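entry_11.csv (CSV, C-alpha atoms)
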chain,number,residue,atom,x,y,z
A,1,MET,CA,0.0,0.0,0.0
A,2,ALA,CA,1.5,3.4,-1.0
A,3,ILE,CA,1.6,6.1,1.6
A,4,THR,CA,2.3,9.8,1.5
A,5,VAL,CA,5.0,11.7,3.4
A,6,LYS,CA,2.1,13.3,5.3
A,7,GLU,CA,1.0,10.0,6.8
A,8,LEU,CA,4.5,9.5,8.1
A,9,TRP,CA,4.6,13.0,9.5
A,10,GLU,CA,1.2,12.7,11.2
A,11,GLU,CA,2.0,9.3,12.7
A,12,GLY,CA,5.7,9.9,13.5
A,13,ALA,CA,6.0,13.6,14.3
A,14,GLU,CA,6.0,13.0,18.0
A,15,ARG,CA,7.6,9.6,18.2
A,16,LEU,CA,10.5,10.5,15.9
A,17,SER,CA,10.6,14.2,17.1
A,18,LEU,CA,10.2,15.4,13.6
A,19,ARG,CA,10.3,19.1,12.6
A,20,ILE,CA,9.6,20.5,9.2
A,21,ILE,CA,12.4,22.7,7.8
A,22,ALA,CA,11.2,23.4,4.3
A,23,GLY,CA,8.6,22.4,1.8
A,24,GLU,CA,5.7,21.9,4.2
A,25,LYS,CA,3.3,22.4,1.3
A,26,TYR,CA,4.6,19.3,-0.4
A,27,LEU,CA,3.9,16.8,2.4
A,28,GLU,CA,1.3,15.2,0.1
A,29,ASN,CA,4.2,13.7,-1.9
A,30,SER,CA,3.7,10.0,-2.2
A,31,LEU,CA,6.4,7.6,-1.0
A,32,PRO,CA,6.5,5.0,-3.8
A,33,GLU,CA,8.9,2.7,-2.0
A,34,ILE,CA,8.3,2.3,1.7
A,35,ALA,CA,11.9,2.4,2.6
A,36,MET,CA,14.9,4.6,3.4
A,37,ASN,CA,18.0,5.4,1.5
A,38,ARG,CA,21.3,6.9,2.5
A,39,PRO,CA,22.2,9.1,-0.5
A,40,GLY,CA,26.0,9.2,0.3
A,41,LEU,CA,26.9,7.4,-3.0
A,42,ALA,CA,24.6,9.7,-5.0
A,43,LEU,CA,26.3,12.8,-3.5
A,44,THR,CA,29.6,11.6,-4.9
A,45,GLY,CA,28.0,12.0,-8.3
A,46,PHE,CA,27.1,8.4,-8.9
A,47,PHE,CA,23.5,8.3,-10.2
A,48,GLN,CA,23.4,5.2,-12.4
A,49,TYR,CA,21.7,3.4,-9.7
A,50,PHE,CA,20.0,5.6,-7.1
A,51,ALA,CA,16.9,4.5,-5.0
A,52,ASN,CA,15.2,7.9,-5.7
A,53,GLN,CA,11.8,6.7,-4.6
A,54,ARG,CA,12.7,6.3,-1.0
A,55,LEU,CA,13.0,8.6,2.0
A,56,GLN,CA,16.5,10.1,1.7
A,57,ILE,CA,18.3,10.1,5.1
A,58,PHE,CA,21.1,12.7,5.6
A,59,GLY,CA,23.3,11.4,8.5
A,60,LEU,CA,26.8,12.1,9.7
A,61,ALA,CA,28.4,10.4,6.7
A,62,GLU,CA,26.5,12.5,4.2
A,63,PHE,CA,27.3,15.7,6.1
A,64,THR,CA,31.0,14.9,6.5
A,65,TYR,CA,31.3,14.2,2.8
A,66,LEU,CA,29.4,17.4,1.7
A,67,LYS,CA,31.8,19.3,4.0
A,68,SER,CA,34.8,18.0,2.1
A,69,LEU,CA,33.4,19.4,-1.2
A,70,SER,CA,34.0,22.9,-2.6
A,71,VAL,CA,31.0,25.2,-2.3
A,72,GLN,CA,30.4,24.9,-6.1
A,73,LYS,CA,30.6,21.1,-6.1
A,74,LYS,CA,28.3,20.9,-3.1
A,75,GLU,CA,25.6,23.0,-4.8
A,76,GLN,CA,25.9,21.0,-8.0
A,77,ARG,CA,25.6,17.6,-6.3
A,78,LEU,CA,22.7,18.7,-4.2
A,79,ARG,CA,20.9,20.0,-7.2
A,80,GLN,CA,21.6,16.7,-9.1
A,81,LEU,CA,20.1,14.9,-6.1
A,82,PHE,CA,17.0,17.0,-6.1
A,83,GLU,CA,16.6,16.5,-9.9
A,84,GLN,CA,16.1,12.8,-9.2
A,85,LYS,CA,12.5,13.5,-8.0
A,86,ILE,CA,13.0,12.3,-4.5
A,87,PRO,CA,9.9,12.3,-2.2
A,88,CYS,CA,11.4,13.7,1.0
A,89,ILE,CA,14.7,14.4,2.8
A,90,ILE,CA,15.2,13.7,6.5
A,91,ILE,CA,18.2,15.2,8.3
A,92,THR,CA,19.2,13.4,11.5
A,93,ARG,CA,21.2,14.5,14.6
A,94,ASN,CA,19.7,18.0,14.2
A,95,ARG,CA,22.6,19.0,11.9
A,96,ARG,CA,22.6,22.4,10.5
A,97,VAL,CA,20.8,22.3,7.2
A,98,PRO,CA,23.3,22.6,4.3
A,99,LYS,CA,23.1,25.9,2.5
A,100,GLY,CA,20.8,26.0,-0.5
A,101,ILE,CA,18.7,23.0,0.6
A,102,THR,CA,15.7,25.2,1.6
A,103,GLU,CA,15.7,26.9,-1.8
A,104,LEU,CA,16.1,23.6,-3.7
A,105,ALA,CA,13.3,22.1,-1.6
A,106,GLU,CA,10.9,24.8,-2.7
A,107,GLU,CA,12.1,24.6,-6.3
A,108,PHE,CA,11.8,20.8,-6.6
A,109,LYS,CA,8.8,20.6,-4.2
A,110,VAL,CA,10.4,18.3,-1.7
A,111,PRO,CA,9.7,18.5,2.1
A,112,VAL,CA,12.8,18.6,4.3
A,113,ILE,CA,12.4,17.2,7.8
A,114,GLN,CA,14.8,17.3,10.8
A,115,THR,CA,15.1,15.0,13.8
A,116,PRO,CA,17.5,15.1,16.8
A,117,MET,CA,17.7,11.3,16.7
A,118,VAL,CA,21.0,9.5,15.9
A,119,THR,CA,20.7,8.1,12.4
A,120,MET,CA,20.8,4.4,13.4
A,121,ASN,CA,18.1,4.9,16.0
A,122,PHE,CA,16.0,6.9,13.6
A,123,VAL,CA,16.3,4.3,10.8
A,124,ASN,CA,15.3,1.5,13.2
A,125,GLU,CA,12.3,3.4,14.6
A,126,CYS,CA,11.2,4.7,11.2
A,127,THR,CA,11.4,1.2,9.7
A,128,VAL,CA,8.9,-0.1,12.2
A,129,LEU,CA,6.6,2.9,11.6
A,130,LEU,CA,6.8,2.7,7.9
A,131,GLU,CA,5.9,-1.0,8.0
A,132,LYS,CA,2.9,-0.3,10.2
A,133,LEU,CA,1.7,2.5,7.9
A,134,ALA,CA,2.1,0.4,4.7
A,135,ALA,CA,0.6,-2.8,6.1
A,136,PRO,CA,-2.6,-3.9,4.3
A,137,ARG,CA,-5.5,-3.0,6.5
A,138,LYS,CA,-9.3,-3.3,6.7
A,139,ARG,CA,-12.2,-2.8,8.9
A,140,ILE,CA,-14.3,-5.8,9.8
A,141,GLN,CA,-17.4,-6.6,11.8
A,142,GLY,CA,-16.8,-8.4,15.1
A,143,THR,CA,-15.9,-8.0,18.7
A,144,MET,CA,-12.3,-8.6,19.6
A,145,MET,CA,-11.2,-10.1,22.9
A,146,GLU,CA,-8.0,-11.3,24.4
A,147,VAL,CA,-8.5,-14.5,26.4
A,148,MET,CA,-5.4,-15.8,28.2
A,149,GLY,CA,-3.1,-14.3,25.5
A,150,ILE,CA,-5.2,-15.7,22.7
A,151,GLY,CA,-6.8,-13.2,20.3
A,152,VAL,CA,-10.4,-14.1,19.7
A,153,LEU,CA,-12.7,-12.4,17.2
A,154,LEU,CA,-16.4,-13.0,18.0
A,155,ARG,CA,-18.7,-12.6,15.0
A,156,GLY,CA,-22.3,-13.3,14.4
A,157,ASP,CA,-25.6,-11.7,13.2
A,158,PRO,CA,-26.8,-8.7,15.1
A,159,GLY,CA,-28.6,-9.7,18.4
A,160,ILE,CA,-27.0,-13.1,18.6
A,161,GLY,CA,-25.1,-12.0,21.7
A,162,LYS,CA,-21.6,-11.0,20.8
A,163,SER,CA,-21.5,-8.1,23.2
A,164,GLU,CA,-23.1,-10.1,26.0
A,165,THR,CA,-20.6,-12.9,25.5
A,166,ALA,CA,-17.8,-10.4,25.5
A,167,LEU,CA,-19.2,-8.9,28.7
A,168,SER,CA,-19.2,-12.3,30.4
A,169,LEU,CA,-15.6,-12.8,29.3
A,170,ILE,CA,-14.6,-9.4,30.8
A,171,GLU,CA,-16.3,-10.4,34.0
A,172,ARG,CA,-14.1,-13.5,34.0
A,173,GLY,CA,-11.1,-11.3,33.9
A,174,TYR,CA,-10.3,-11.2,30.1
A,175,SER,CA,-9.7,-8.1,28.1
A,176,LEU,CA,-11.7,-6.2,25.5
A,177,VAL,CA,-10.0,-4.8,22.4
A,178,SER,CA,-12.9,-3.6,20.4
A,179,ASP,CA,-16.7,-4.0,20.3
A,180,ASP,CA,-18.5,-4.7,17.0
A,181,VAL,CA,-16.1,-2.9,14.7
A,182,THR,CA,-12.5,-4.0,14.5
A,183,GLU,CA,-9.6,-2.6,12.6
A,184,ILE,CA,-7.1,-5.1,11.3
A,185,ARG,CA,-3.8,-5.0,9.6
A,186,ARG,CA,-1.4,-7.7,8.4
A,187,THR,CA,2.2,-7.6,9.7
A,188,SER,CA,5.3,-8.7,7.8
A,189,ARG,CA,5.4,-11.7,10.1
A,190,GLY,CA,2.2,-13.0,8.6
A,191,ARG,CA,-0.1,-12.2,11.6
A,192,ILE,CA,-3.2,-10.2,11.8
A,193,VAL,CA,-3.2,-7.4,14.4
A,194,CYS,CA,-6.6,-6.0,15.7
A,195,TRP,CA,-7.4,-2.8,17.4
A,196,ALA,CA,-10.4,-0.5,17.9
A,197,ASN,CA,-11.5,2.6,16.1
A,198,GLU,CA,-10.1,5.6,17.9
A,199,VAL,CA,-13.5,7.2,18.6
A,200,THR,CA,-15.4,4.3,20.0
A,201,ARG,CA,-12.5,2.5,21.7
A,202,TYR,CA,-13.4,0.6,24.9
A,203,HIS,CA,-17.1,1.4,24.6
A,204,MET,CA,-19.7,-1.3,24.3
A,205,GLU,CA,-23.3,-1.4,23.4
A,206,ILE,CA,-25.4,-3.7,25.6
A,207,ARG,CA,-29.0,-4.1,24.5
A,208,GLY,CA,-31.3,-2.6,27.1
A,209,LEU,CA,-28.4,-0.7,28.8
A,210,GLY,CA,-27.1,1.3,26.0
A,211,ILE,CA,-23.5,2.5,25.8
A,212,ILE,CA,-21.0,1.6,28.5
A,213,HIS,CA,-17.4,2.5,29.0
A,214,VAL,CA,-15.6,-0.7,29.9
A,215,PRO,CA,-12.5,0.5,31.8
A,216,SER,CA,-14.6,2.8,34.0
A,217,LEU,CA,-16.7,-0.1,35.1
A,218,PHE,CA,-14.2,-3.0,35.2
A,219,GLY,CA,-10.9,-1.3,35.5
A,220,VAL,CA,-7.9,-0.9,33.2
A,221,ALA,CA,-7.1,-4.6,33.3
A,222,SER,CA,-10.3,-5.2,31.3
A,223,ILE,CA,-9.0,-3.5,28.2
A,224,ARG,CA,-6.2,-4.0,25.7
A,225,ARG,CA,-5.1,-1.6,23.0
A,226,GLU,CA,-4.3,-4.2,20.3
A,227,THR,CA,-3.8,-7.9,20.0
A,228,GLU,CA,-2.9,-10.5,17.4
A,229,LEU,CA,-5.7,-12.6,16.0
A,230,ASP,CA,-5.5,-16.3,16.7
A,231,VAL,CA,-9.0,-17.6,16.2
A,232,VAL,CA,-12.4,-16.5,14.9
A,233,ILE,CA,-15.5,-17.6,16.6
A,234,ASP,CA,-18.8,-17.4,14.7
A,235,LEU,CA,-21.9,-17.4,16.9
A,236,LYS,CA,-24.8,-18.9,14.9
A,237,LYS,CA,-28.3,-20.1,15.4
A,238,PRO,CA,-28.2,-24.0,15.6
A,239,THR,CA,-28.4,-25.7,12.3
A,240,GLY,CA,-27.5,-29.2,13.1
A,241,GLU,CA,-24.5,-28.9,10.7
A,242,GLU,CA,-22.0,-28.0,13.4
A,243,ASP,CA,-18.6,-29.6,13.5
A,244,ARG,CA,-18.7,-32.5,16.0
A,245,THR,CA,-15.1,-33.6,16.2
A,246,GLY,CA,-12.9,-30.6,15.3
A,247,VAL,CA,-10.6,-32.9,13.3
A,248,HIS,CA,-10.9,-30.8,10.1
A,249,PRO,CA,-11.1,-27.2,11.3
A,250,GLU,CA,-12.5,-24.5,9.1
A,251,THR,CA,-10.7,-21.3,8.3
A,252,VAL,CA,-11.6,-17.8,7.2
A,253,THR,CA,-9.4,-15.5,5.1
A,254,PHE,CA,-8.5,-12.0,6.2
A,255,LEU,CA,-6.0,-9.9,4.1
A,256,GLU,CA,-5.0,-13.1,2.4
A,257,LEU,CA,-4.1,-14.9,5.7
A,258,GLU,CA,-6.0,-18.0,6.8
A,259,ILE,CA,-7.3,-17.9,10.4
A,260,PRO,CA,-8.9,-20.9,12.2
A,261,CYS,CA,-12.6,-20.4,12.5
A,262,ILE,CA,-15.0,-22.1,14.9
A,263,THR,CA,-18.8,-22.0,14.5
A,264,LEU,CA,-20.6,-22.2,17.8
A,265,PRO,CA,-24.4,-22.8,17.9
A,266,VAL,CA,-26.1,-20.4,20.4
A,267,ARG,CA,-28.9,-22.0,22.4
A,268,SER,CA,-30.7,-20.3,25.2
A,269,GLY,CA,-29.2,-21.2,28.5
A,270,ARG,CA,-25.8,-22.2,27.0
A,271,ASP,CA,-23.0,-20.4,28.7
A,272,MET,CA,-21.3,-19.0,25.6
A,273,ALA,CA,-18.5,-17.3,27.5
A,274,ASN,CA,-17.5,-20.6,29.0
A,275,ILE,CA,-17.4,-22.2,25.6
A,276,VAL,CA,-15.4,-19.3,24.0
A,277,GLU,CA,-12.9,-19.6,26.9
A,278,VAL,CA,-12.5,-23.3,26.2
A,279,ALA,CA,-12.2,-22.7,22.5
A,280,ALA,CA,-9.4,-20.2,23.1
A,281,LEU,CA,-7.6,-22.6,25.5
A,282,ASN,CA,-7.9,-25.4,22.9
A,283,GLN,CA,-6.5,-23.1,20.2
A,284,LYS,CA,-3.6,-22.3,22.5
A,285,LEU,CA,-3.0,-26.0,22.9
A,286,LYS,CA,-3.1,-26.5,19.2
A,287,GLU,CA,-0.5,-23.8,18.7
A,288,LEU,CA,1.7,-25.6,21.2
A,289,GLY,CA,1.4,-28.6,18.8
A,290,HIS,CA,-1.1,-30.6,20.8
A,291,ASP,CA,-4.3,-31.2,18.7
A,292,ALA,CA,-6.6,-33.3,20.9
A,293,ALA,CA,-9.2,-34.1,18.2
A,294,LYS,CA,-6.6,-35.2,15.7
A,295,GLU,CA,-4.6,-37.2,18.3
A,296,LEU,CA,-7.7,-39.1,19.4
A,297,ASP,CA,-8.6,-39.8,15.8
A,298,ASP,CA,-5.1,-41.1,15.0
A,299,LYS,CA,-5.2,-43.3,18.1
A,300,ILE,CA,-8.6,-44.7,17.0
A,301,ILE,CA,-7.5,-45.3,13.4
A,302,SER,CA,-4.4,-47.0,14.6
A,303,ARG,CA,-6.4,-49.3,16.9
A,304,LEU,CA,-9.0,-50.0,14.2
A,305,THR,CA,-6.5,-50.8,11.5
A,306,LYS,CA,-4.4,-53.1,13.8
A,307,GLY,CA,-7.7,-54.9,14.4
A,308,ARG,CA,-8.0,-55.5,10.7
A,309,VAL,CA,-4.6,-57.1,10.5
A,310,ARG,CA,-5.4,-59.3,13.5
A,311,ARG,CA,-8.5,-60.6,11.8
A,312,GLY,CA,-6.5,-61.5,8.9
B,1,MET,CA,-48.0,-42.7,13.5
B,2,ALA,CA,-47.0,-45.7,15.6
B,3,GLU,CA,-43.8,-46.4,17.3
B,4,ILE,CA,-41.7,-48.7,15.2
B,5,GLU,CA,-38.5,-50.5,15.8
B,6,ILE,CA,-36.2,-51.4,13.0
B,7,ILE,CA,-33.0,-53.5,13.4
B,8,LYS,CA,-30.5,-53.9,10.7
B,9,ASN,CA,-26.9,-55.2,10.4
B,10,PHE,CA,-24.3,-53.4,8.5
B,11,LYS,CA,-20.7,-54.2,7.6
B,12,VAL,CA,-18.0,-51.5,8.1
B,13,MET,CA,-16.5,-51.2,4.6
B,14,ASN,CA,-14.3,-48.2,4.6
B,15,GLU,CA,-10.5,-48.5,5.0
B,16,TYR,CA,-10.0,-47.2,8.6
B,17,GLY,CA,-13.3,-48.2,10.2
B,18,ILE,CA,-15.3,-45.9,12.4
B,19,HIS,CA,-12.9,-43.1,13.4
B,20,ALA,CA,-13.7,-39.5,14.0
B,21,ARG,CA,-15.0,-38.6,10.6
B,22,PRO,CA,-17.5,-41.4,10.1
B,23,ALA,CA,-18.5,-41.1,13.7
B,24,ALA,CA,-19.3,-37.4,13.1
B,25,LEU,CA,-21.3,-38.3,10.0
B,26,LEU,CA,-23.3,-40.9,12.0
B,27,VAL,CA,-24.0,-38.5,14.8
B,28,LYS,CA,-25.1,-35.7,12.4
B,29,ALA,CA,-27.4,-38.1,10.6
B,30,ALA,CA,-28.9,-39.5,13.8
B,31,GLY,CA,-29.2,-36.1,15.4
B,32,LYS,CA,-31.8,-35.1,12.7
B,33,TYR,CA,-34.3,-37.6,13.9
B,34,SER,CA,-36.3,-37.8,17.2
B,35,CYS,CA,-36.2,-41.6,17.4
B,36,ASP,CA,-33.7,-43.5,19.6
B,37,ILE,CA,-30.9,-45.0,17.6
B,38,PHE,CA,-28.3,-47.4,19.0
B,39,ILE,CA,-25.3,-49.2,17.5
B,40,GLU,CA,-24.3,-52.5,19.0
B,41,LYS,CA,-21.3,-54.6,18.6
B,42,ASP,CA,-19.9,-57.5,20.7
B,43,GLY,CA,-22.5,-56.7,23.4
B,44,ASN,CA,-21.5,-53.1,23.6
B,45,LYS,CA,-24.4,-50.8,22.9
B,46,VAL,CA,-24.0,-47.0,22.4
B,47,SER,CA,-26.2,-44.2,21.3
B,48,CYS,CA,-25.7,-43.3,17.7
B,49,LYS,CA,-26.1,-39.7,18.8
B,50,SER,CA,-22.9,-39.8,21.0
B,51,ILE,CA,-19.7,-39.1,19.2
B,52,LEU,CA,-17.5,-40.4,22.0
B,53,GLY,CA,-19.7,-43.5,22.3
B,54,LEU,CA,-19.2,-44.3,18.6
B,55,MET,CA,-15.4,-43.8,18.9
B,56,THR,CA,-15.3,-46.5,21.7
B,57,ILE,CA,-17.3,-49.1,19.9
B,58,GLU,CA,-14.3,-50.4,17.9
B,59,GLY,CA,-15.8,-50.4,14.5
B,60,PHE,CA,-13.0,-52.3,12.8
B,61,PRO,CA,-13.0,-52.4,9.0
B,62,GLY,CA,-15.0,-55.4,8.1
B,63,SER,CA,-16.8,-55.8,11.4
B,64,ILE,CA,-20.6,-56.1,11.6
B,65,MET,CA,-22.6,-53.5,13.5
B,66,GLN,CA,-26.2,-53.9,14.6
B,67,VAL,CA,-28.2,-50.7,14.3
B,68,SER,CA,-31.5,-50.3,16.0
B,69,ALA,CA,-33.9,-47.4,15.6
B,70,LEU,CA,-37.0,-47.0,17.8
B,71,GLY,CA,-39.5,-44.2,17.2
B,72,GLU,CA,-41.9,-42.6,14.8
B,73,ASP,CA,-39.3,-41.6,12.2
B,74,ALA,CA,-37.2,-44.8,12.6
B,75,GLN,CA,-37.7,-45.7,9.0
B,76,ASP,CA,-36.2,-42.5,7.6
B,77,ALA,CA,-33.4,-42.5,10.2
B,78,MET,CA,-32.4,-46.1,9.3
B,79,ALA,CA,-32.4,-45.2,5.6
B,80,GLU,CA,-30.0,-42.4,6.1
B,81,ILE,CA,-27.7,-44.5,8.3
B,82,GLU,CA,-27.8,-47.3,5.8
B,83,GLU,CA,-26.7,-44.9,3.1
B,84,LEU,CA,-23.6,-44.0,5.1
B,85,PHE,CA,-22.6,-47.6,5.7
B,86,VAL,CA,-23.3,-48.6,2.1
B,87,ASN,CA,-21.3,-45.7,0.7
B,88,LYS,CA,-18.3,-46.4,3.0
B,89,PHE,CA,-18.9,-43.1,4.8
B,90,TYR,CA,-17.9,-41.4,1.5
B,91,GLU,CA,-14.3,-42.2,2.1
B,92,ASP,CA,-12.0,-43.7,-0.6
Here is a file; write its structure as C-alpha cells.
Amino acid sequence: MAITVKELWEEGAERLSLRIIAGEKYLENSLPEIAMNRPGLALTGFFQYFANQRLQIFGLAEFTYLKSLSVQKKEQRLRQLFEQKIPCIIITRNRRVPKGITELAEEFKVPVIQTPMVTMNFVNECTVLLEKLAAPRKRIQGTMMEVMGIGVLLRGDPGIGKSETALSLIERGYSLVSDDVTEIRRTSRGRIVCWANEVTRYHMEIRGLGIIHVPSLFGVASIRRETELDVVIDLKKPTGEEDRTGVHPETVTFLELEIPCITLPVRSGRDMANIVEVAALNQKLKELGHDAAKELDDKIISRLTKGRVRRG
Amino acid sequence: MAEIEIIKNFKVMNEYGIHARPAALLVKAAGKYSCDIFIEKDGNKVSCKSILGLMTIEGFPGSIMQVSALGEDAQDAMAEIEELFVNKFYED
C-alpha cells in the first residue's frame, strides 16, 4: 500500500521528534517505495543506480562528505540529487541544514524534515513505523477479545449475543480490544493485528443498557489496546450442521491470511463465555502442537487398522 | 404414527473403520431424527447420537454392526444411516 509523506509525518512527528524545515506544502508527496536510502553514494556523483523513490536520510556520513566538497561542487551535487524526483529528505542529529537546501526544496517541491535522533536509531524506529503504515488494513465486523493471551474475534448476526458474550468474558477477567467494529492489519510476520476505532475505543453497546465504558466499570485490566488474532468464533443459530469432532477445522481469510474459524451454535441457557474460553484454550493447545481431536482420531484409526490385521 | 422399531446389520466397509469422521457423520445423521438410535457390537451398545460413544465401539474395518432405531421416524433415520454404511462413509 502506497503512503504519503504526510502520513509518516502525522503518525511519527511525536515519536520521531520530527520538525519541518522546508517544503511543508509538499507533504502530500507520495512515497512509492516504503523504505529509506542513505544518499551518500549519490552525493559523490554516482546516479546510475539511485533509489530515488525512497526517503532520503542525511546522516553524519553525508554531512561529512558534503563538507569535504567545494561550495560549487556541493551545490551542484545537491541539485543533481533533487533532480532525481526524491519524495522527502530527512536530516538526523539536528545537523545544520546545508546551505541551499531550503531553496532547492521549494524549487523541486520536496519536504525537508529534521530530527534530533541519531541516524541508526531513527532508521530503526522509522522502519517499524513505515511497515505499520504500509501494512494492508481493513475494517471488519466483530468483537475482539483477548483471552489468556489468545486473540479471539467474535462474529455473528446482530442480536446473537456478541457483546453479551464479551461482557461475560470481561467479568471472568479477560480483556476487550474492540466491540462490534474491529480494525485489522497484516504484519510482515504474517499475523493479523486487531485494534479498535479511535473514537469508540473501549465502549460497548449492551442491549437494554445502551453504551457503557468498559475500563470505567471494570478497571484498566479489562482492556487492551491491540492484539494479534488467533481464532475467529462465529456465533450462529443452531443448524445441526456444526462440527462434531474438530478434526478438520474451518478457516476464514483476512487480508490473504487464513485464520482458524470455529462455529458455535447459540442456544438459550448455554454459557457462551465458558465455551469461548475453552475454544481459546484449545487453540492455545493446538499452537503448542497438541491437537486433541486429531490425536484421538489417530489413536482410534491405529487401533482399528491393527484390528484388521489381527482378523486376517 | 405408531412407534416402530427397526433393526439392521451393516458391515463397516471403509478403510479405517469408524474413526472420528465417520462417527461425526453418523452423529449428524442420527441427530436429525427424534427416534432413539443405537449401535451394538460384541455386546457393547452405544447411542448413535454420541460421538465419544461411537469412537469407543471399535468399528474395525470389516466388522458387523447392529443398528436399531426406535420411534416414529425410525424408517427415515435407518435409511439415512444405511446410506452412510453402504457408501463407505464417503471415504476412498
- Task: Please determine the contact residues of chain A with respect to chain B at a cut-off of 12 Å, counting all atoms listed in the file, and supply them as an MDAnalysis selection string.
- Result: chainID A and resid 239:248 292:312
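For the pair CA of Pro98 in chain A and CA of Glu75 in chain A, the separation is 9.4 Å.
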- With all atoms listed in the file counted, which protein, DNA or RNA residues have an atom no more than 12 Å from (5.0, 12.1, 12.8) in the file frame? Please answer as an MDAnalysis selection string. chainID A and resid 4:20 27 113:115 125:126 129:130 133
- Item | Selection near range 77-82 of chain A, 7 Å with all atoms listed in the file, sequence-local residues under 2 positions removed, as number ranges by chain | A: 42-43, 45, 73-75, 84-86, 104, 108
- Task: Mind giving me the straight-line distance from CA of Phe47 in chain A to CA of Val112 in chain A in Å, one decimal?
- Result: 20.8 Å
- Can you work out which one of A:Tyr49, A:Phe218, A:Tyr174, A:Phe254 has the shortest atom-to-atom distance to Ile192 in chain A, counting only C-alpha atoms?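 Result for the nearest residue to Ile192 in chain A: A:Phe254.
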- Could you jot down the CA of Ile37 in chain B to CA of Leu70 in chain B separation for me, Å, one decimal place?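 That distance, rounded to one decimal, is 6.4 Å.
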Residues at most 9 Å from Val46 in chain B, counting only C-alpha atoms, excluding those fewer than 6 positions away in the same chain, as an mmCIF file with C-alpha atoms, keeping the file's coordinate frame?
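The resulting file, result36.cif, is shown below:
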data_model
loop_
_atom_site.group_PDB
_atom_site.id
_atom_site.type_symbol
_atom_site.label_atom_id
_atom_site.label_comp_id
_atom_site.auth_asym_id
_atom_site.auth_seq_id
_atom_site.Cartn_x
_atom_site.Cartn_y
_atom_site.Cartn_z
ATOM 1 C CA ILE B 37 -30.900 -45.000 17.600
ATOM 2 C CA PHE B 38 -28.300 -47.400 19.000
ATOM 3 C CA ILE B 39 -25.300 -49.200 17.500
ATOM 4 C CA GLU B 40 -24.300 -52.500 19.000
ATOM 5 C CA GLY B 53 -19.700 -43.500 22.300
ATOM 6 C CA LEU B 54 -19.200 -44.300 18.600
ATOM 7 C CA THR B 56 -15.300 -46.500 21.700
ATOM 8 C CA ILE B 57 -17.300 -49.100 19.900
#
